[in-house]
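*Asks:* What follows is upload26.cif; its format and atoms are mmCIF, C-alpha atoms.
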data_upload
loop_
_atom_site.label_atom_id
_atom_site.label_comp_id
_atom_site.auth_asym_id
_atom_site.auth_seq_id
_atom_site.Cartn_x
_atom_site.Cartn_y
_atom_site.Cartn_z
CA MET C 1 176.12 -35.91 115.61
CA THR C 2 173.79 -38.92 115.37
CA PHE C 3 171.93 -39.73 112.15
CA GLY C 4 168.58 -38.91 113.86
CA LYS C 5 169.77 -35.46 114.97
CA LYS C 6 171.12 -34.75 111.48
CA LEU C 7 167.71 -35.49 109.97
CA LEU C 8 166.06 -33.25 112.56
CA ASN C 9 168.39 -30.35 111.74
CA ILE C 10 167.69 -30.77 108.02
CA ALA C 11 163.94 -30.72 108.68
CA VAL C 12 164.19 -27.57 110.82
CA CYS C 13 166.23 -25.82 108.15
CA GLY C 14 163.64 -26.80 105.57
CA VAL C 15 160.84 -25.27 107.64
CA LEU C 16 162.81 -22.07 108.19
CA LEU C 17 163.61 -21.79 104.48
CA GLY C 18 159.95 -22.35 103.61
CA SER C 19 158.95 -19.60 106.05
CA LEU C 20 161.45 -17.26 104.41
CA PHE C 21 159.87 -17.86 101.00
CA LEU C 22 156.41 -17.15 102.43
CA VAL C 23 157.52 -13.82 103.85
CA ALA C 24 159.25 -12.89 100.60
CA GLY C 25 156.07 -13.70 98.68
CA CYS C 26 154.20 -11.08 100.68
CA GLY C 27 156.65 -8.39 99.63
CA GLY C 28 158.04 -8.04 103.12
CA GLU C 29 155.52 -5.31 103.92
CA LYS C 30 153.90 -5.18 107.32
CA GLY C 31 150.15 -4.84 107.01
CA ASN C 32 146.99 -4.98 109.04
CA ASP C 33 146.10 -8.68 109.03
CA LYS C 34 147.22 -11.24 111.59
CA GLN C 35 149.91 -12.72 109.34
CA GLY C 36 151.58 -9.33 108.91
CA ALA C 37 151.11 -9.31 105.12
CA GLN C 38 149.69 -6.23 103.41
CA LYS C 39 146.13 -6.78 102.25
CA VAL C 40 145.49 -5.75 98.65
CA LEU C 41 142.14 -4.87 97.05
CA LYS C 42 142.45 -5.63 93.33
CA VAL C 43 140.06 -3.42 91.40
CA GLY C 44 139.38 -3.25 87.67
CA MET C 45 138.30 -0.23 85.61
CA GLU C 46 138.69 1.09 82.07
CA ALA C 47 140.87 4.00 83.16
CA GLY C 48 139.42 5.83 80.16
CA TYR C 49 135.98 6.86 81.36
CA ALA C 50 136.25 10.33 82.90
CA PRO C 51 135.14 11.44 85.39
CA TYR C 52 134.63 7.94 86.79
CA ASN C 53 138.16 6.87 85.89
CA TRP C 54 140.98 7.89 83.60
CA THR C 55 144.70 7.38 82.88
CA GLN C 56 147.39 9.96 83.62
CA THR C 57 151.19 9.98 83.53
CA ASN C 58 151.91 10.89 87.16
CA ALA C 59 150.66 10.53 90.73
CA ASP C 60 149.14 14.03 90.91
CA ASN C 61 145.91 14.47 92.90
CA GLY C 62 146.25 11.11 94.60
CA ALA C 63 146.38 8.95 91.47
CA VAL C 64 147.17 5.23 91.88
CA LYS C 65 149.70 3.29 89.81
CA ILE C 66 148.11 0.96 87.28
CA ALA C 67 149.39 -2.58 87.86
CA GLY C 68 151.99 -3.69 85.32
CA THR C 69 152.41 -0.23 83.75
CA SER C 70 154.16 3.09 84.31
CA GLU C 71 150.82 4.93 84.19
CA TYR C 72 148.42 6.03 86.90
CA ALA C 73 144.64 5.90 87.31
CA ASN C 74 142.49 8.57 88.90
CA GLY C 75 138.89 9.71 89.04
CA TYR C 76 135.74 9.10 91.06
CA ASP C 77 136.19 5.32 91.04
CA VAL C 78 139.77 5.60 92.28
CA ILE C 79 138.80 7.99 95.09
CA VAL C 80 136.00 5.68 96.24
CA GLY C 81 138.23 2.63 95.80
CA LYS C 82 140.90 4.14 98.04
CA GLN C 83 138.33 4.93 100.72
CA LEU C 84 136.95 1.39 100.59
CA ALA C 85 140.42 -0.18 100.73
CA GLU C 86 141.37 2.00 103.68
CA SER C 87 138.19 1.04 105.53
CA MET C 88 139.15 -2.63 105.10
CA GLY C 89 142.79 -2.15 106.11
CA ALA C 90 144.03 -2.76 102.58
CA THR C 91 145.81 -0.92 99.77
CA LEU C 92 144.21 -0.32 96.38
CA GLU C 93 145.65 -2.05 93.31
CA VAL C 94 144.20 -0.83 90.00
CA HIS C 95 144.00 -3.02 86.90
CA LYS C 96 143.21 -1.44 83.53
CA ILE C 97 140.62 -3.61 81.73
CA GLU C 98 138.37 -2.92 78.74
CA TRP C 99 134.66 -2.48 79.54
CA ASP C 100 133.51 -5.84 78.15
CA GLY C 101 136.26 -7.62 80.08
CA LEU C 102 135.38 -6.28 83.52
CA ALA C 103 132.58 -8.67 84.48
CA PRO C 104 134.52 -11.74 83.24
CA ALA C 105 137.58 -10.58 85.20
CA VAL C 106 135.46 -10.40 88.36
CA ALA C 107 133.81 -13.77 87.72
CA SER C 108 137.18 -15.48 87.11
CA GLY C 109 138.79 -13.99 90.21
CA LYS C 110 141.40 -12.03 88.25
CA ILE C 111 140.26 -8.97 90.21
CA ASP C 112 138.32 -8.64 93.45
CA ALA C 113 135.91 -6.01 92.17
CA ALA C 114 135.02 -3.78 89.25
CA ILE C 115 134.59 -0.16 90.26
CA ALA C 116 133.77 1.29 86.88
CA GLY C 117 130.51 3.24 86.78
CA MET C 118 128.52 0.03 86.22
CA SER C 119 124.72 0.10 86.43
CA ILE C 120 123.17 -2.53 88.70
CA THR C 121 121.06 -4.42 86.17
CA SER C 122 119.22 -7.72 86.41
CA LYS C 123 121.22 -9.08 83.49
CA ARG C 124 124.56 -8.28 85.13
CA LYS C 125 123.37 -9.83 88.39
CA GLU C 126 123.27 -13.16 86.57
CA SER C 127 127.09 -13.23 86.46
CA VAL C 128 128.23 -10.97 89.35
CA ASP C 129 126.99 -9.66 92.69
CA PHE C 130 126.75 -5.96 93.51
CA THR C 131 127.30 -3.72 96.50
CA ALA C 132 124.90 -0.99 97.54
CA PRO C 133 124.94 1.93 95.06
CA TYR C 134 127.99 4.16 95.19
CA TYR C 135 126.48 6.72 92.81
CA TYR C 136 123.11 7.66 91.31
CA ALA C 137 123.48 8.71 87.68
CA ASN C 138 120.71 10.53 85.79
CA VAL C 139 120.66 10.01 82.02
CA VAL C 140 121.08 13.09 79.79
CA GLY C 141 121.93 14.18 76.27
CA LEU C 142 125.26 15.60 75.14
CA VAL C 143 125.35 17.77 71.99
CA LYS C 144 127.39 20.47 70.29
CA LYS C 145 126.39 24.03 71.18
CA ASP C 146 126.09 25.16 67.56
CA THR C 147 123.53 22.53 66.48
CA PRO C 148 119.70 22.54 66.44
CA GLN C 149 119.74 19.80 69.10
CA ALA C 150 121.20 22.27 71.61
CA THR C 151 117.84 24.07 71.85
CA ALA C 152 115.90 20.91 72.76
CA LYS C 153 113.75 21.12 75.90
CA SER C 154 112.74 17.46 75.89
CA VAL C 155 113.64 14.09 74.44
CA ALA C 156 110.79 14.60 71.96
CA ASP C 157 112.53 17.75 70.67
CA LEU C 158 115.50 15.59 69.65
CA LYS C 159 113.38 13.96 66.95
CA GLY C 160 115.42 12.75 63.98
CA ALA C 161 118.79 13.05 65.76
CA VAL C 162 121.76 10.92 64.72
CA ALA C 163 122.77 9.31 68.00
CA THR C 164 125.09 6.80 69.60
CA SER C 165 126.51 5.85 72.98
CA GLN C 166 128.78 3.30 74.60
CA LEU C 167 128.30 -0.30 73.56
CA ASN C 168 126.57 -2.64 76.05
CA THR C 169 125.28 0.13 78.31
CA ILE C 170 121.86 1.29 79.46
CA TRP C 171 122.54 4.58 77.68
CA TYR C 172 122.68 2.89 74.29
CA ASP C 173 119.34 1.20 74.89
CA LEU C 174 117.71 4.52 75.88
CA ILE C 175 118.51 6.07 72.48
CA ASP C 176 115.39 4.31 71.22
CA GLN C 177 113.26 6.81 73.18
CA VAL C 178 114.21 9.58 70.73
CA PRO C 179 111.52 9.82 67.99
CA ASP C 180 112.69 8.85 64.49
CA VAL C 181 116.25 8.55 65.73
CA GLU C 182 119.04 7.37 63.44
CA LYS C 183 120.83 5.03 65.82
CA LEU C 184 124.46 4.41 64.98
CA PRO C 185 126.39 1.35 66.20
CA GLY C 186 127.61 1.53 69.79
CA ILE C 187 131.13 2.74 70.54
CA GLU C 188 133.56 0.85 72.76
CA ASN C 189 134.58 3.68 75.08
CA VAL C 190 133.76 7.21 76.18
CA PRO C 191 136.66 8.97 74.40
CA GLY C 192 135.44 7.39 71.17
CA MET C 193 131.94 8.71 71.83
CA ILE C 194 133.23 12.23 72.29
CA VAL C 195 135.25 12.04 69.08
CA ALA C 196 132.14 10.89 67.20
CA LEU C 197 130.22 13.91 68.48
CA THR C 198 132.90 16.58 68.01
CA SER C 199 133.77 15.30 64.53
CA GLY C 200 130.14 15.47 63.38
CA LYS C 201 129.67 11.74 62.90
CA CYS C 202 126.64 12.07 65.18
CA ASN C 203 124.79 15.00 66.75
CA LEU C 204 123.64 13.36 69.98
CA ILE C 205 125.28 11.25 72.66
CA VAL C 206 123.10 9.65 75.34
CA THR C 207 125.04 9.15 78.56
CA ASP C 208 124.87 9.83 82.28
CA LEU C 209 125.21 13.25 83.87
CA PRO C 210 128.76 12.91 85.28
CA THR C 211 130.15 11.68 81.96
CA ALA C 212 128.40 14.47 80.07
CA MET C 213 129.55 17.12 82.56
CA ALA C 214 133.14 15.93 82.33
CA ALA C 215 133.04 15.94 78.52
CA ALA C 216 131.57 19.47 78.43
CA TYR C 217 134.14 20.65 80.98
CA ALA C 218 136.97 19.38 78.80
CA ASN C 219 135.36 20.42 75.48
CA PRO C 220 133.81 23.92 75.60
CA GLU C 221 131.99 23.38 72.30
CA LEU C 222 129.75 20.76 73.96
CA THR C 223 126.70 21.27 76.17
CA VAL C 224 124.63 19.03 78.44
CA LEU C 225 120.88 18.56 77.93
CA GLU C 226 119.36 17.85 81.33
CA PHE C 227 115.58 17.76 80.97
CA ALA C 228 112.76 17.99 83.50
CA ALA C 229 111.70 14.61 84.88
CA ASP C 230 108.56 14.38 82.71
CA ALA C 231 110.43 15.47 79.57
CA GLY C 232 113.66 13.50 79.92
CA PHE C 233 114.73 9.94 79.27
CA GLN C 234 112.44 7.56 81.11
CA THR C 235 114.55 5.34 83.34
CA THR C 236 114.10 2.66 85.95
CA LYS C 237 115.84 2.30 89.31
CA GLU C 238 118.41 -0.08 87.85
CA ASP C 239 119.22 2.40 85.08
CA VAL C 240 120.53 5.02 87.49
CA GLU C 241 121.94 3.04 90.42
CA ILE C 242 125.68 2.52 89.99
CA GLY C 243 127.30 -0.31 91.95
CA ILE C 244 130.51 -2.24 92.48
CA ALA C 245 130.63 -5.71 90.93
CA VAL C 246 132.15 -8.61 92.88
CA LYS C 247 132.37 -12.36 92.32
CA LYS C 248 129.15 -14.32 92.79
CA GLY C 249 128.80 -15.50 96.38
CA ASN C 250 131.55 -13.28 97.83
CA LYS C 251 129.30 -11.99 100.61
CA GLU C 252 132.27 -11.17 102.83
CA LEU C 253 133.59 -8.59 100.38
CA VAL C 254 130.14 -7.17 99.62
CA ASP C 255 129.47 -6.75 103.34
CA ALA C 256 132.88 -5.14 103.95
CA MET C 257 132.31 -2.60 101.19
CA ASN C 258 128.72 -1.92 102.21
CA ALA C 259 129.88 -1.19 105.76
CA LYS C 260 131.54 1.91 104.30
CA LEU C 261 129.15 2.75 101.45
CA THR C 262 125.98 2.70 103.52
CA LYS C 263 127.43 5.33 105.83
CA MET C 264 127.90 7.70 102.88
CA THR C 265 125.09 9.92 101.59
CA GLU C 266 124.08 10.89 98.09
CA GLU C 267 125.52 14.34 98.83
CA ASP C 268 128.87 12.72 99.72
CA PHE C 269 128.87 10.98 96.35
CA LYS C 270 128.03 14.21 94.51
CA GLN C 271 130.86 16.10 96.24
CA ILE C 272 133.42 13.44 95.32
CA MET C 273 132.19 13.53 91.72
CA GLN C 274 132.46 17.32 91.56
CA ASP C 275 136.03 17.11 92.82
CA ALA C 276 136.89 14.46 90.24
CA ILE C 277 135.47 16.57 87.41
CA LYS C 278 137.58 19.55 88.48
CA PHE C 279 140.92 17.76 88.32
CA GLN C 280 140.33 15.48 85.35
CA PRO C 281 142.87 15.88 82.54
CA LEU C 282 141.57 18.41 80.01
CA ALA C 283 142.55 16.28 77.03
CA LYS C 284 140.70 17.21 73.84
#
Please go through the file and, once you have read it, give me the structure as structure tokens.
*Replies:*
Amino acid sequence: MTFGKKLLNIAVCGVLLGSLFLVAGCGGEKGNDKQGAQKVLKVGMEAGYAPYNWTQTNADNGAVKIAGTSEYANGYDVIVGKQLAESMGATLEVHKIEWDGLAPAVASGKIDAAIAGMSITSKRKESVDFTAPYYYANVVGLVKKDTPQATAKSVADLKGAVATSQLNTIWYDLIDQVPDVEKLPGIENVPGMIVALTSGKCNLIVTDLPTAMAAAYANPELTVLEFAADAGFQTTKEDVEIGIAVKKGNKELVDAMNAKLTKMTEEDFKQIMQDAIKFQPLAK
């Protein structure tokens, strides 16, 4: 063998070895893109915000494994996420991230999107882009059945209530519409809100309808206050439109998701939410 041929053989082997590493890096799974690698849609959520998302110990009802853990995520956001991933020829990968860390995780590229019951607000649009709405969430009150607040027919009737909600949400801001309200500091997550209410720390939670319905479903001592339009919490369009956050400028992903979302109706969204509420864990 000549020296030139020996060098050529070494170079060919190097290319083949490099190709082997590339295939191994893709997990060896055949997917839907031209390179044969499985596409993955990395999505972040709290996995503690039923019925939008929650954590469970098994794969029942189509739950998805939470990346880096032995736990699974399920709920409205997971169902929608799976449908979006499927429409794009990808698989859904769920990452469990605290509420305040979701937008930064999207902006940094740690995840592709946050599907987490997030209102499409002007302030949030400064750091992330949003898809079309994937849910429309009316704002309501959540109270204990055996309290004076349970008889309220309007926000005005809740005068003097001791109230709280989740920190850094539209709901927390809307507490100010209750006359003479005693507004407690915001709470980091929905389970904490429910504990505050059931323990008597507060007598009113302001939240959206799905969250309130899920809490009342799991806790029979609670009831939802859904008022007539002219007697309820006064909201704007951005208060009730729930969207999926993606990295600024990622028009390709926004368009891919919207291709699916815009074909779905508000009734489709409501049906998925009703299904999620029915099979949420009844943890108290």
*Asks:* So, counting only C-alpha atoms, which residue among C:Val190, C:Met118, C:Ala245, C:Ala63 is closest to C:Gly48?
*Replies:*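 Once distances to C:Gly48 are computed over only C-alpha atoms, the minimum belongs to C:Val190.
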*Asks:* Find the residues near C:Asp208: any atom within 12 Å, counting only C-alpha atoms, skip ones fewer than 6 places away on the same chain, and give them as a short mmCIF file (atom, residue, chain, number, x, y, z; two decimals) with C-alpha atoms, keeping the file's coordinate frame.
*Replies:*
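Generated file (selection_3.cif):
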data_model
loop_
_atom_site.label_atom_id
_atom_site.label_comp_id
_atom_site.auth_asym_id
_atom_site.auth_seq_id
_atom_site.Cartn_x
_atom_site.Cartn_y
_atom_site.Cartn_z
CA TYR C 49 135.98 6.86 81.36
CA ALA C 50 136.25 10.33 82.90
CA PRO C 51 135.14 11.44 85.39
CA TYR C 52 134.63 7.94 86.79
CA GLY C 117 130.51 3.24 86.78
CA MET C 118 128.52 0.03 86.22
CA SER C 119 124.72 0.10 86.43
CA TYR C 135 126.48 6.72 92.81
CA TYR C 136 123.11 7.66 91.31
CA ALA C 137 123.48 8.71 87.68
CA ASN C 138 120.71 10.53 85.79
CA VAL C 139 120.66 10.01 82.02
CA VAL C 140 121.08 13.09 79.79
CA GLY C 141 121.93 14.18 76.27
CA LEU C 142 125.26 15.60 75.14
CA SER C 165 126.51 5.85 72.98
CA GLN C 166 128.78 3.30 74.60
CA THR C 169 125.28 0.13 78.31
CA ILE C 170 121.86 1.29 79.46
CA TRP C 171 122.54 4.58 77.68
CA TYR C 172 122.68 2.89 74.29
CA LEU C 174 117.71 4.52 75.88
CA VAL C 190 133.76 7.21 76.18
CA ALA C 214 133.14 15.93 82.33
CA ALA C 215 133.04 15.94 78.52
CA VAL C 224 124.63 19.03 78.44
CA LEU C 225 120.88 18.56 77.93
CA GLU C 226 119.36 17.85 81.33
CA PHE C 233 114.73 9.94 79.27
CA THR C 235 114.55 5.34 83.34
CA ASP C 239 119.22 2.40 85.08
CA VAL C 240 120.53 5.02 87.49
CA GLU C 241 121.94 3.04 90.42
CA ILE C 242 125.68 2.52 89.99
#
*Asks:* Please measure the separation of atom CA of C:Ile66 and atom CA of C:Glu46, giving the value in Å to one decimal.
*Replies:* 10.8 Å
*Asks:* Check which residues satisfy the PyMOL selection byres ((chain C and resi 187) around 7) in the file shown, then give them as a ChimeraX atom specification.
*Replies:* /C:165-167,185-186,188-189,192-193
*Asks:* Calculated over only C-alpha atoms, which of the candidates C:Ile175, C:Leu102, C:Ala228, C:Leu209 has the smallest distance to C:Lys270?
*Replies:*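 Nearest candidate to C:Lys270 out of C:Ile175, C:Leu102, C:Ala228, C:Leu209: C:Leu209.
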*Asks:* Assuming the chain letters and numbering stay as they are in my file, what does the PyMOL selection byres ((chain C and resi 222) around 6) actually select? List them as a ChimeraX atom specification.
*Replies:* /C:143-145,216,219-221,223
*Asks:* Using only C-alpha atoms, please write the residues we just selected to a file, as a short mmCIF file (atom, residue, chain, number, x, y, z; two decimals), keeping the file's coordinate frame.
*Replies:*
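Result written to again-v1.cif:
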data_model
loop_
_atom_site.label_atom_id
_atom_site.label_comp_id
_atom_site.auth_asym_id
_atom_site.auth_seq_id
_atom_site.Cartn_x
_atom_site.Cartn_y
_atom_site.Cartn_z
CA VAL C 143 125.35 17.77 71.99
CA LYS C 144 127.39 20.47 70.29
CA LYS C 145 126.39 24.03 71.18
CA ALA C 216 131.57 19.47 78.43
CA ASN C 219 135.36 20.42 75.48
CA PRO C 220 133.81 23.92 75.60
CA GLU C 221 131.99 23.38 72.30
CA THR C 223 126.70 21.27 76.17
#
*Asks:* If we count all atoms listed in the file, what is near stretch 74-86 of chain C at a cut-off of 6 Å, once residues fewer than 4 positions away on the same chain are taken out, given as JSON, numbers by chain?
*Replies:* {"C": [51, 52, 53, 54, 63, 90, 91, 92, 115, 273, 276]}
*Asks:* Counting all atoms listed in the file, what is within 7 Å of C:Val128, bar same-chain residues fewer than 4 positions away, as a list in words?
*Replies:*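 Residues meeting the cut-off are Ala103, Ala107, Arg124, Ala245, Val246, Lys247 and Lys248 of chain C.
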*Asks:* Using all atoms listed in the file for the distances, tell me which of C:Ala218, C:Leu261, C:Met88, C:Met45 is nearest to C:Lys278.
*Replies:* C:Ala218
*Asks:* With all atoms listed in the file as the basis for distance, which of C:Tyr134, C:Trp99, C:Tyr217, C:Phe227 is at the shortest distance from C:Ala152?
*Replies:* C:Phe227
*Asks:* When you count only C-alpha atoms, which of these residues is closest to C:Thr121: C:Asn168, C:Asn58, C:Asn203, C:Ser154?
*Replies:* C:Asn168
*Asks:* Env of C:Thr69: 12 Å cut, atoms = all atoms listed in the file, seq-sep filter 2 positions within chain, self excluded. Answer as a short mmCIF file (atom, residue, chain, number, x, y, z; two decimals) with C-alpha atoms, in the frame of the given file.
*Replies:*
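Final output, saved to out-v4.cif:
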data_model
loop_
_atom_site.label_atom_id
_atom_site.label_comp_id
_atom_site.auth_asym_id
_atom_site.auth_seq_id
_atom_site.Cartn_x
_atom_site.Cartn_y
_atom_site.Cartn_z
CA THR C 55 144.70 7.38 82.88
CA GLN C 56 147.39 9.96 83.62
CA THR C 57 151.19 9.98 83.53
CA ASN C 58 151.91 10.89 87.16
CA VAL C 64 147.17 5.23 91.88
CA LYS C 65 149.70 3.29 89.81
CA ILE C 66 148.11 0.96 87.28
CA ALA C 67 149.39 -2.58 87.86
CA GLU C 71 150.82 4.93 84.19
CA TYR C 72 148.42 6.03 86.90
CA ALA C 73 144.64 5.90 87.31
CA GLU C 93 145.65 -2.05 93.31
CA VAL C 94 144.20 -0.83 90.00
CA HIS C 95 144.00 -3.02 86.90
CA LYS C 96 143.21 -1.44 83.53
#
*Asks:* Using all atoms listed in the file, which residues sit within 12 Å of C:Ala132 once same-chain residues fewer than 5 positions away are excluded, as a VMD selection string?
*Replies:* chain C and resid 118 to 120 238 241 to 246 253 to 266
*Asks:* Counting all atoms listed in the file, which residue out of C:Val40, C:Asp146, C:Cys202, C:Lys251 sits closest to C:Asp129?
*Replies:*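 Nearest to C:Asp129: C:Lys251.
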*Asks:* How far is it from atom CA of C:Thr131 to atom CA of C:Val43, in Å with one decimal?
*Replies:*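 Atom-to-atom, atom CA of C:Thr131 to atom CA of C:Val43, that is 13.7 Å.
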*Asks:* At what distance in Å, to one decimal, does atom CA of C:Ile272 lie from atom CA of C:Asp173?
*Replies:*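 Between atom CA of C:Asp173 and atom CA of C:Ile272 the gap is 27.7 Å.
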*Asks:* Emit as AutoDock Vina command-line options the padded axis-aligned box for all listed atoms of stretch 153-168 of chain C, 8 Å per side, with centre and edge lengths in Å to one decimal.
*Replies:*
--center_x 119.8 --center_y 9.2 --center_z 70.0 --size_x 34.0 --size_y 39.8 --size_z 28.1
*Asks:* Please write all heavy atoms of stretch 219-228 of chain C, from the structure given just now, as an mmCIF file, in the first residue's frame.
*Replies:*
data_model
loop_
_atom_site.group_PDB
_atom_site.id
_atom_site.type_symbol
_atom_site.label_atom_id
_atom_site.label_comp_id
_atom_site.auth_asym_id
_atom_site.auth_seq_id
_atom_site.Cartn_x
_atom_site.Cartn_y
_atom_site.Cartn_z
ATOM 1 N N ASN C 219 -61.994 19.406 45.253
ATOM 2 C CA ASN C 219 -62.266 19.791 46.641
ATOM 3 C C ASN C 219 -63.739 20.169 46.777
ATOM 4 O O ASN C 219 -64.116 21.321 46.529
ATOM 5 C CB ASN C 219 -61.392 20.981 47.041
ATOM 6 C CG ASN C 219 -59.910 20.696 46.925
ATOM 7 O OD1 ASN C 219 -59.279 20.203 47.853
ATOM 8 N ND2 ASN C 219 -59.337 20.993 45.759
ATOM 9 N N PRO C 220 -64.594 19.239 47.166
ATOM 10 C CA PRO C 220 -66.043 19.466 47.219
ATOM 11 C C PRO C 220 -66.488 20.614 48.116
ATOM 12 O O PRO C 220 -67.596 21.118 47.954
ATOM 13 C CB PRO C 220 -66.578 18.122 47.758
ATOM 14 C CG PRO C 220 -65.540 17.120 47.387
ATOM 15 C CD PRO C 220 -64.240 17.846 47.504
ATOM 16 N N GLU C 221 -65.622 21.064 49.024
ATOM 17 C CA GLU C 221 -66.006 22.168 49.905
ATOM 18 C C GLU C 221 -65.887 23.528 49.216
ATOM 19 O O GLU C 221 -66.276 24.545 49.782
ATOM 20 C CB GLU C 221 -65.165 22.158 51.185
ATOM 21 C CG GLU C 221 -63.720 22.608 51.047
ATOM 22 C CD GLU C 221 -62.767 21.477 50.717
ATOM 23 O OE1 GLU C 221 -63.177 20.507 50.053
ATOM 24 O OE2 GLU C 221 -61.596 21.553 51.134
ATOM 25 N N LEU C 222 -65.376 23.546 47.995
ATOM 26 C CA LEU C 222 -65.188 24.796 47.252
ATOM 27 C C LEU C 222 -66.279 24.971 46.192
ATOM 28 O O LEU C 222 -66.862 23.996 45.715
ATOM 29 C CB LEU C 222 -63.822 24.815 46.570
ATOM 30 C CG LEU C 222 -62.601 24.639 47.475
ATOM 31 C CD1 LEU C 222 -61.323 24.728 46.660
ATOM 32 C CD2 LEU C 222 -62.598 25.649 48.608
ATOM 33 N N THR C 223 -66.540 26.222 45.832
ATOM 34 C CA THR C 223 -67.514 26.512 44.786
ATOM 35 C C THR C 223 -67.018 27.660 43.915
ATOM 36 O O THR C 223 -66.260 28.524 44.370
ATOM 37 C CB THR C 223 -68.895 26.854 45.387
ATOM 38 O OG1 THR C 223 -69.870 26.929 44.340
ATOM 39 C CG2 THR C 223 -68.881 28.174 46.130
ATOM 40 N N VAL C 224 -67.451 27.665 42.665
ATOM 41 C CA VAL C 224 -67.017 28.661 41.688
ATOM 42 C C VAL C 224 -68.049 29.777 41.592
ATOM 43 O O VAL C 224 -69.253 29.526 41.491
ATOM 44 C CB VAL C 224 -66.826 28.014 40.305
ATOM 45 C CG1 VAL C 224 -66.379 29.064 39.279
ATOM 46 C CG2 VAL C 224 -65.827 26.870 40.377
ATOM 47 N N LEU C 225 -67.590 31.025 41.599
ATOM 48 C CA LEU C 225 -68.459 32.182 41.423
ATOM 49 C C LEU C 225 -68.275 32.717 40.002
ATOM 50 O O LEU C 225 -67.302 33.412 39.701
ATOM 51 C CB LEU C 225 -68.118 33.274 42.435
ATOM 52 C CG LEU C 225 -68.212 32.911 43.918
ATOM 53 C CD1 LEU C 225 -67.806 34.111 44.774
ATOM 54 C CD2 LEU C 225 -69.617 32.450 44.273
ATOM 55 N N GLU C 226 -69.210 32.375 39.140
ATOM 56 C CA GLU C 226 -69.160 32.843 37.755
ATOM 57 C C GLU C 226 -70.297 33.846 37.569
ATOM 58 O O GLU C 226 -71.471 33.485 37.521
ATOM 59 C CB GLU C 226 -69.301 31.669 36.777
ATOM 60 C CG GLU C 226 -69.069 32.041 35.344
ATOM 61 C CD GLU C 226 -69.099 30.844 34.411
ATOM 62 O OE1 GLU C 226 -69.413 29.721 34.869
ATOM 63 O OE2 GLU C 226 -68.805 31.019 33.223
ATOM 64 N N PHE C 227 -69.960 35.114 37.472
ATOM 65 C CA PHE C 227 -70.954 36.181 37.445
ATOM 66 C C PHE C 227 -71.382 36.533 36.022
ATOM 67 O O PHE C 227 -70.687 36.226 35.048
ATOM 68 C CB PHE C 227 -70.387 37.439 38.117
ATOM 69 C CG PHE C 227 -69.886 37.218 39.523
ATOM 70 C CD1 PHE C 227 -68.582 37.540 39.873
ATOM 71 C CD2 PHE C 227 -70.717 36.676 40.495
ATOM 72 C CE1 PHE C 227 -68.114 37.342 41.167
ATOM 73 C CE2 PHE C 227 -70.256 36.473 41.790
ATOM 74 C CZ PHE C 227 -68.956 36.804 42.127
ATOM 75 N N ALA C 228 -72.525 37.213 35.930
ATOM 76 C CA ALA C 228 -72.974 37.745 34.643
ATOM 77 C C ALA C 228 -71.942 38.757 34.149
ATOM 78 O O ALA C 228 -71.198 39.349 34.951
ATOM 79 C CB ALA C 228 -74.338 38.412 34.801
#
